[in-house]
Every structure is written in structure tokens, then in C-alpha cells.
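work-v3.cif follows (mmCIF, C-alpha atoms):
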```cif
data_work
loop_
_atom_site.label_atom_id
_atom_site.label_comp_id
_atom_site.auth_asym_id
_atom_site.auth_seq_id
_atom_site.Cartn_x
_atom_site.Cartn_y
_atom_site.Cartn_z
CA MET A 1 -42.18 123.66 -198.89
CA SER A 2 -45.17 124.37 -201.08
CA LYS A 3 -47.94 121.99 -201.92
CA GLU A 4 -50.90 122.28 -204.20
CA VAL A 5 -53.99 123.51 -202.42
CA LEU A 6 -56.67 122.65 -204.97
CA THR A 7 -57.90 119.09 -204.70
CA PRO A 8 -60.59 117.41 -206.82
CA GLY A 9 -63.80 116.48 -205.02
CA PRO A 10 -64.69 116.72 -201.35
CA ILE A 11 -62.13 116.63 -198.54
CA SER A 12 -62.69 113.47 -196.54
CA PRO A 13 -62.83 113.34 -192.73
CA GLU A 14 -60.11 110.69 -193.02
CA LYS A 15 -57.76 113.17 -194.72
CA ILE A 16 -58.34 115.61 -191.87
CA ALA A 17 -57.66 112.93 -189.23
CA THR A 18 -54.52 111.77 -191.06
CA SER A 19 -53.28 115.33 -191.25
CA ILE A 20 -53.67 115.74 -187.49
CA ALA A 21 -51.93 112.40 -186.86
CA HIS A 22 -48.96 113.45 -189.05
CA HIS A 23 -48.24 116.31 -186.69
CA SER A 24 -47.84 114.21 -183.55
CA SER A 25 -44.09 114.01 -184.18
CA LYS A 26 -43.82 117.81 -184.19
CA THR A 27 -43.55 118.10 -180.44
CA GLY A 28 -42.88 121.85 -180.47
CA ILE A 29 -46.55 122.38 -181.41
CA GLY A 30 -48.90 123.27 -178.56
CA ALA A 31 -51.98 124.29 -180.56
CA HIS A 32 -53.77 123.37 -183.74
CA ASN A 33 -56.55 125.50 -185.16
CA ILE A 34 -58.72 123.99 -187.86
CA PHE A 35 -61.41 125.53 -190.05
CA LEU A 36 -63.65 123.31 -192.14
CA GLY A 37 -65.98 124.73 -194.76
CA GLN A 38 -68.95 122.45 -195.38
CA VAL A 39 -71.47 122.72 -198.22
CA ARG A 40 -74.88 123.76 -196.84
CA ALA A 41 -78.15 122.49 -198.25
CA ASP A 42 -79.51 125.99 -198.81
CA LYS A 43 -82.87 126.57 -200.43
CA HIS A 44 -83.00 128.90 -203.41
CA GLU A 45 -86.48 129.80 -204.72
CA ASN A 46 -87.83 126.59 -203.16
CA LYS A 47 -85.13 124.47 -204.78
CA THR A 48 -82.77 122.60 -202.45
CA VAL A 49 -79.04 122.72 -203.05
CA LEU A 50 -77.73 119.26 -203.90
CA GLY A 51 -74.14 120.40 -203.90
CA ILE A 52 -71.71 122.98 -205.16
CA GLU A 53 -69.48 122.76 -208.21
CA TYR A 54 -66.25 124.67 -207.66
CA SER A 55 -64.16 125.92 -210.55
CA ALA A 56 -60.88 127.80 -210.38
CA TYR A 57 -58.28 129.58 -212.43
CA ASN A 58 -56.01 126.82 -211.23
CA SER A 59 -52.52 128.16 -211.86
CA MET A 60 -53.40 131.68 -210.71
CA ALA A 61 -55.16 130.30 -207.62
CA GLU A 62 -52.09 128.27 -206.63
CA SER A 63 -49.96 131.44 -206.92
CA VAL A 64 -52.47 133.32 -204.77
CA PHE A 65 -52.47 130.54 -202.16
CA HIS A 66 -48.68 130.69 -202.12
CA GLU A 67 -48.76 134.46 -201.54
CA ILE A 68 -51.32 134.04 -198.75
CA ARG A 69 -49.10 131.39 -197.17
CA GLU A 70 -46.05 133.68 -197.30
CA SER A 71 -48.01 136.59 -195.81
CA ILE A 72 -49.37 134.45 -192.97
CA PHE A 73 -45.95 133.06 -192.03
CA ALA A 74 -44.52 136.59 -192.12
CA LYS A 75 -47.27 137.88 -189.84
CA TYR A 76 -47.75 135.04 -187.33
CA ASP A 77 -45.33 132.80 -185.47
CA LEU A 78 -46.63 129.50 -186.82
CA THR A 79 -45.03 126.09 -186.91
CA CYS A 80 -47.11 124.76 -189.75
CA MET A 81 -49.95 125.57 -192.13
CA HIS A 82 -51.92 123.41 -194.56
CA VAL A 83 -54.76 124.46 -196.82
CA TYR A 84 -56.91 122.33 -199.10
CA HIS A 85 -59.75 123.67 -201.27
CA SER A 86 -62.01 121.46 -203.34
CA THR A 87 -62.62 121.75 -207.06
CA GLY A 88 -65.39 119.99 -208.91
CA VAL A 89 -68.57 118.78 -207.24
CA VAL A 90 -68.94 118.67 -203.46
CA LYS A 91 -72.30 117.49 -202.15
CA ALA A 92 -74.23 119.16 -199.34
CA GLY A 93 -72.76 117.96 -196.04
CA GLU A 94 -69.31 117.36 -197.47
CA ILE A 95 -66.20 119.42 -196.74
CA SER A 96 -64.85 121.79 -199.38
CA LEU A 97 -62.26 123.78 -197.43
CA PHE A 98 -59.73 122.61 -194.85
CA VAL A 99 -57.45 125.15 -193.17
CA PHE A 100 -55.07 123.79 -190.57
CA VAL A 101 -52.60 125.99 -188.69
CA SER A 102 -50.29 124.94 -185.88
CA SER A 103 -48.28 126.98 -183.41
CA LYS A 104 -46.46 126.76 -180.11
CA HIS A 105 -49.21 128.67 -178.26
CA ARG A 106 -52.93 128.91 -178.89
CA GLY A 107 -53.49 132.68 -179.23
CA VAL A 108 -51.79 133.11 -182.58
CA SER A 109 -53.46 129.97 -183.98
CA PHE A 110 -56.96 131.50 -183.72
CA ASP A 111 -55.90 134.74 -185.40
CA ALA A 112 -53.91 133.07 -188.17
CA CYS A 113 -56.63 130.55 -189.02
CA ARG A 114 -59.25 133.24 -189.38
CA ASP A 115 -56.89 135.41 -191.44
CA VAL A 116 -56.22 132.53 -193.86
CA VAL A 117 -59.93 131.86 -194.38
CA GLU A 118 -60.75 135.53 -194.93
CA GLN A 119 -57.86 135.98 -197.38
CA ILE A 120 -58.96 132.93 -199.37
CA LYS A 121 -62.47 134.31 -199.64
CA GLU A 122 -61.17 137.68 -200.78
CA LYS A 123 -58.30 136.76 -203.08
CA ALA A 124 -58.62 133.25 -204.51
CA PRO A 125 -59.91 133.05 -208.13
CA ILE A 126 -62.49 130.38 -207.38
CA TRP A 127 -66.16 130.30 -208.38
CA LYS A 128 -69.10 128.20 -207.37
CA LYS A 129 -72.31 126.95 -208.91
CA GLU A 130 -75.13 125.77 -206.68
CA LEU A 131 -76.53 122.55 -208.14
CA TYR A 132 -80.20 121.87 -207.47
CA GLU A 133 -82.14 118.67 -207.00
CA GLY A 134 -84.24 117.53 -209.92
CA GLU A 135 -83.89 116.11 -213.39
CA LYS A 136 -83.45 119.47 -215.08
CA LYS A 137 -79.91 119.81 -213.64
CA GLU A 138 -80.54 123.47 -212.84
CA TYR A 139 -77.82 125.54 -211.30
CA ASN A 140 -77.05 129.09 -210.23
CA TRP A 141 -73.72 130.90 -210.02
CA VAL A 142 -73.30 132.30 -206.51
CA MET B 143 -50.58 137.34 -233.29
CA THR B 144 -52.77 135.11 -231.16
CA ILE B 145 -53.91 135.53 -227.59
CA ASN B 146 -55.55 132.94 -225.37
CA ALA B 147 -58.69 134.09 -223.54
CA LEU B 148 -60.17 132.42 -220.47
CA PHE B 149 -63.71 132.98 -219.19
CA PHE B 150 -64.66 132.00 -215.66
CA GLY B 151 -67.82 131.61 -213.61
CA VAL B 152 -70.97 133.15 -215.05
CA LEU B 153 -68.94 134.65 -217.92
CA SER B 154 -68.21 131.19 -219.33
CA ASP B 155 -71.99 130.79 -219.67
CA ALA B 156 -72.35 134.26 -221.22
CA VAL B 157 -69.66 133.58 -223.83
CA GLY B 158 -70.47 129.90 -224.27
CA VAL B 159 -66.91 128.66 -223.81
CA ARG B 160 -64.25 128.61 -221.09
CA GLU B 161 -61.33 129.17 -223.41
CA LYS B 162 -60.92 130.67 -226.86
CA LYS B 163 -58.11 132.06 -229.01
CA PHE B 164 -58.29 135.48 -230.60
CA SER B 165 -56.14 137.17 -233.18
CA SER B 166 -55.56 140.83 -233.99
CA ILE B 167 -56.43 142.10 -230.52
CA HIS B 168 -53.70 144.34 -229.21
CA SER B 169 -54.83 145.56 -225.82
CA SER B 170 -56.92 144.44 -222.88
CA LYS B 171 -59.28 147.38 -223.46
CA GLU B 172 -59.82 146.33 -227.08
CA PHE B 173 -60.46 142.76 -225.94
CA VAL B 174 -63.03 143.70 -223.28
CA GLU B 175 -64.87 146.00 -225.69
CA HIS B 176 -64.91 143.29 -228.35
CA ILE B 177 -66.31 140.73 -225.90
CA LYS B 178 -68.96 143.12 -224.57
CA ASN B 179 -70.08 143.92 -228.11
CA GLU B 180 -70.27 140.31 -229.16
CA PHE B 181 -71.75 139.02 -225.89
CA PRO B 182 -73.89 141.77 -224.30
CA GLU B 183 -74.61 139.50 -221.29
CA VAL B 184 -70.99 140.01 -220.24
CA ALA B 185 -71.55 143.71 -219.60
CA LYS B 186 -74.23 142.88 -217.00
CA ASN B 187 -71.61 141.35 -214.71
CA SER B 188 -68.79 142.95 -212.78
CA PHE B 189 -65.44 141.31 -213.41
CA GLN B 190 -61.71 141.82 -213.12
CA VAL B 191 -59.19 141.26 -215.88
CA ALA B 192 -55.94 139.33 -215.54
CA VAL B 193 -53.16 139.23 -218.11
CA ASN B 194 -50.76 136.33 -217.66
CA GLU B 195 -52.25 135.69 -214.20
CA THR B 196 -51.71 139.24 -212.96
CA LEU B 197 -54.72 141.44 -212.25
CA ILE B 198 -54.65 144.64 -214.27
CA HIS B 199 -56.44 147.88 -213.45
CA SER B 200 -55.87 149.84 -216.65
CA SER B 201 -55.54 148.95 -220.30
CA THR B 202 -52.53 146.75 -220.99
CA PRO B 203 -50.94 145.95 -224.36
CA LEU B 204 -51.24 142.31 -225.40
CA LYS B 205 -48.53 140.41 -227.24
CA ASP B 206 -48.50 137.10 -229.08
CA GLY B 207 -49.03 134.20 -226.69
CA ASP B 208 -50.46 136.26 -223.83
CA THR B 209 -53.36 134.90 -221.79
CA ILE B 210 -56.15 137.24 -220.81
CA ALA B 211 -58.75 136.10 -218.29
CA LEU B 212 -62.08 137.63 -217.31
CA LEU B 213 -62.73 136.93 -213.64
CA PRO B 214 -66.18 137.60 -212.13
CA ASN B 215 -66.50 138.20 -208.39
CA TYR B 216 -64.73 135.44 -206.49
CA ALA B 217 -66.73 132.93 -204.45
CA GLY B 218 -64.15 130.60 -202.94
CA GLY B 219 -63.62 129.59 -199.36
#
```
Output the file's structure in the form of C-alpha cells.
Amino acid sequence: MSKEVLTPGPISPEKIATSIAHHSSKTGIGAHNIFLGQVRADKHENKTVLGIEYSAYNSMAESVFHEIRESIFAKYDLTCMHVYHSTGVVKAGEISLFVFVSSKHRGVSFDACRDVVEQIKEKAPIWKKELYEGEKKEYNWV
Amino acid sequence: MTINALFFGVLSDAVGVREKKFSSIHSSKEFVEHIKNEFPEVAKNSFQVAVNETLIHSSTPLKDGDTIALLPNYAGG
């Protein structure tokens, strides 16, 4: 089963809660490991980050996410894995990345979750612009 | 022949567009050189090149309908 990973806008806490609730029927699962990436209100040259605008090479990114998924399932004994990554504008304080892995036992869930996050950072063709407060609509590619 | 070119991240600012068609460009090397000549800002950035969504590491011939993408350093996750 493959789903699209890229999702427009921030990932809501409700989506995360719903995702957890959907797994209650999978009674072979003993551990969930969740990583959430949140947009920080960094300061850049005394300007505060209002949010981040994510852009992606969508079709290539989905292929890369699929390859990451395959490699993770080949390497770790997981029951389930879900990844969502925002595109478009995500404000400071909102969630832009949701990685959710589930397994029978907890050890593998920690390792797999971290591996997914690191692979996304390394391999996914995604870019981000920091958007700054103020009328000038200044931004900086990071 | 026509190829479709995609520019991402800071390179879309350097070139002024995210997507543009080109004709009479027959290799990835020729394309990159053409872009660097026309938009010198591009040369100030490190980037990878993908042809039809596959990263390439040496010059690759381009055929009609191919898509070439210039991908600056990734920043996802």
C-alpha cells in the first residue's frame, strides 16, 4: 500500500490523534514511535521567522519517499509506517513533518523512526523558504 | 526537439521562473552551461541535476520531451 506523503499546509494535531486511533485495531502492535517536525520561530539578522514555505519536486519526492519506505521495511521488522510532509506555508509552531512507525516491540521502533527522518532530510527533493514578519514579505532560502 | 526544464529553490529565483521549455539543447552539460551563461547567479549555488526524475552524475544526452531539473541542496524534513 502506498500513499502520498506530501500534504498541503500544516499537519494538524487532530490528524496525528486520528492516525493513532486508527491503529487500535492492529493488536499485534506493541510500540509506536512518532517524530514531529515543528517550525521554529528562529531569528535571522534580527528578523523573526513567521513561517516556512515548503516546495518540492512533487513526483520525484513521492518516488523517493516510496524508496525510503521500501528500504525501511526491508531493514526493520515493522508493522506499519506513515509519513506526511507539508508543502506550502506552515507557520511557526505548526507541524510540518509527521513520521509514525509501529512495531511489535519498542527497540526497532526507535531505530526505524530516526532512520526515516534522517533519510528524508538527506534524500527528499524538498526546499524551504523562511518567511519573515513585516510588510516587505522578505524571505530567505535555507 | 523540446525539453522541459524545472528550477527549484533558490535557482527558481536566479532564473526567474520555475519551469521553462528549451529547444535545441542536446545534453545535460550543454543545458547547464547555457543556464550558467545566461543566469550567472546560478553558478554561485551548488546543485544536482535530474533527468526524468533520476539524478545524473555525468553528462547525459537529452531527447525530445525529456525533463531536466536543477536541484539545489535539499532542505526537507
Mind telling me what the PyMOL selection byres ((chain A) within 7 of (chain B)) catches here, as a PDB file with C-alpha atoms, in the frame of the given file?
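Written output follows (part.pdb):
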```pdb
ATOM      1  CA  MET A  60     -53.400 131.680-210.710  1.00  0.00           C
ATOM      2  CA  LEU A  97     -62.260 123.780-197.430  1.00  0.00           C
ATOM      3  CA  VAL A 117     -59.930 131.860-194.380  1.00  0.00           C
ATOM      4  CA  ILE A 120     -58.960 132.930-199.370  1.00  0.00           C
ATOM      5  CA  LYS A 121     -62.470 134.310-199.640  1.00  0.00           C
ATOM      6  CA  ALA A 124     -58.620 133.250-204.510  1.00  0.00           C
ATOM      7  CA  PRO A 125     -59.910 133.050-208.130  1.00  0.00           C
ATOM      8  CA  ILE A 126     -62.490 130.380-207.380  1.00  0.00           C
ATOM      9  CA  TRP A 127     -66.160 130.300-208.380  1.00  0.00           C
ATOM     10  CA  LYS A 128     -69.100 128.200-207.370  1.00  0.00           C
ATOM     11  CA  TRP A 141     -73.720 130.900-210.020  1.00  0.00           C
ATOM     12  CA  VAL A 142     -73.300 132.300-206.510  1.00  0.00           C
TER      13      VAL A 142
END
```
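Taking CA of His176 in chain B and CA of Val157 in chain B as the two end points, the separation is 11.7 Å.
For the set A:Val89, A:Ala112, A:Leu78, A:Val83, the residue with the smallest atom-to-atom gap to Leu36 in chain A is A:Val83, counting only C-alpha atoms.
When CA of Ser55 in chain A is paired with CA of Asn146 in chain B, their separation reads 18.5 Å.
Distances from B:Ser200, B:Ile210, B:Val184, B:Phe189 to Ala156 in chain B were compared using all atoms listed in the file, and the smallest one belongs to B:Val184.
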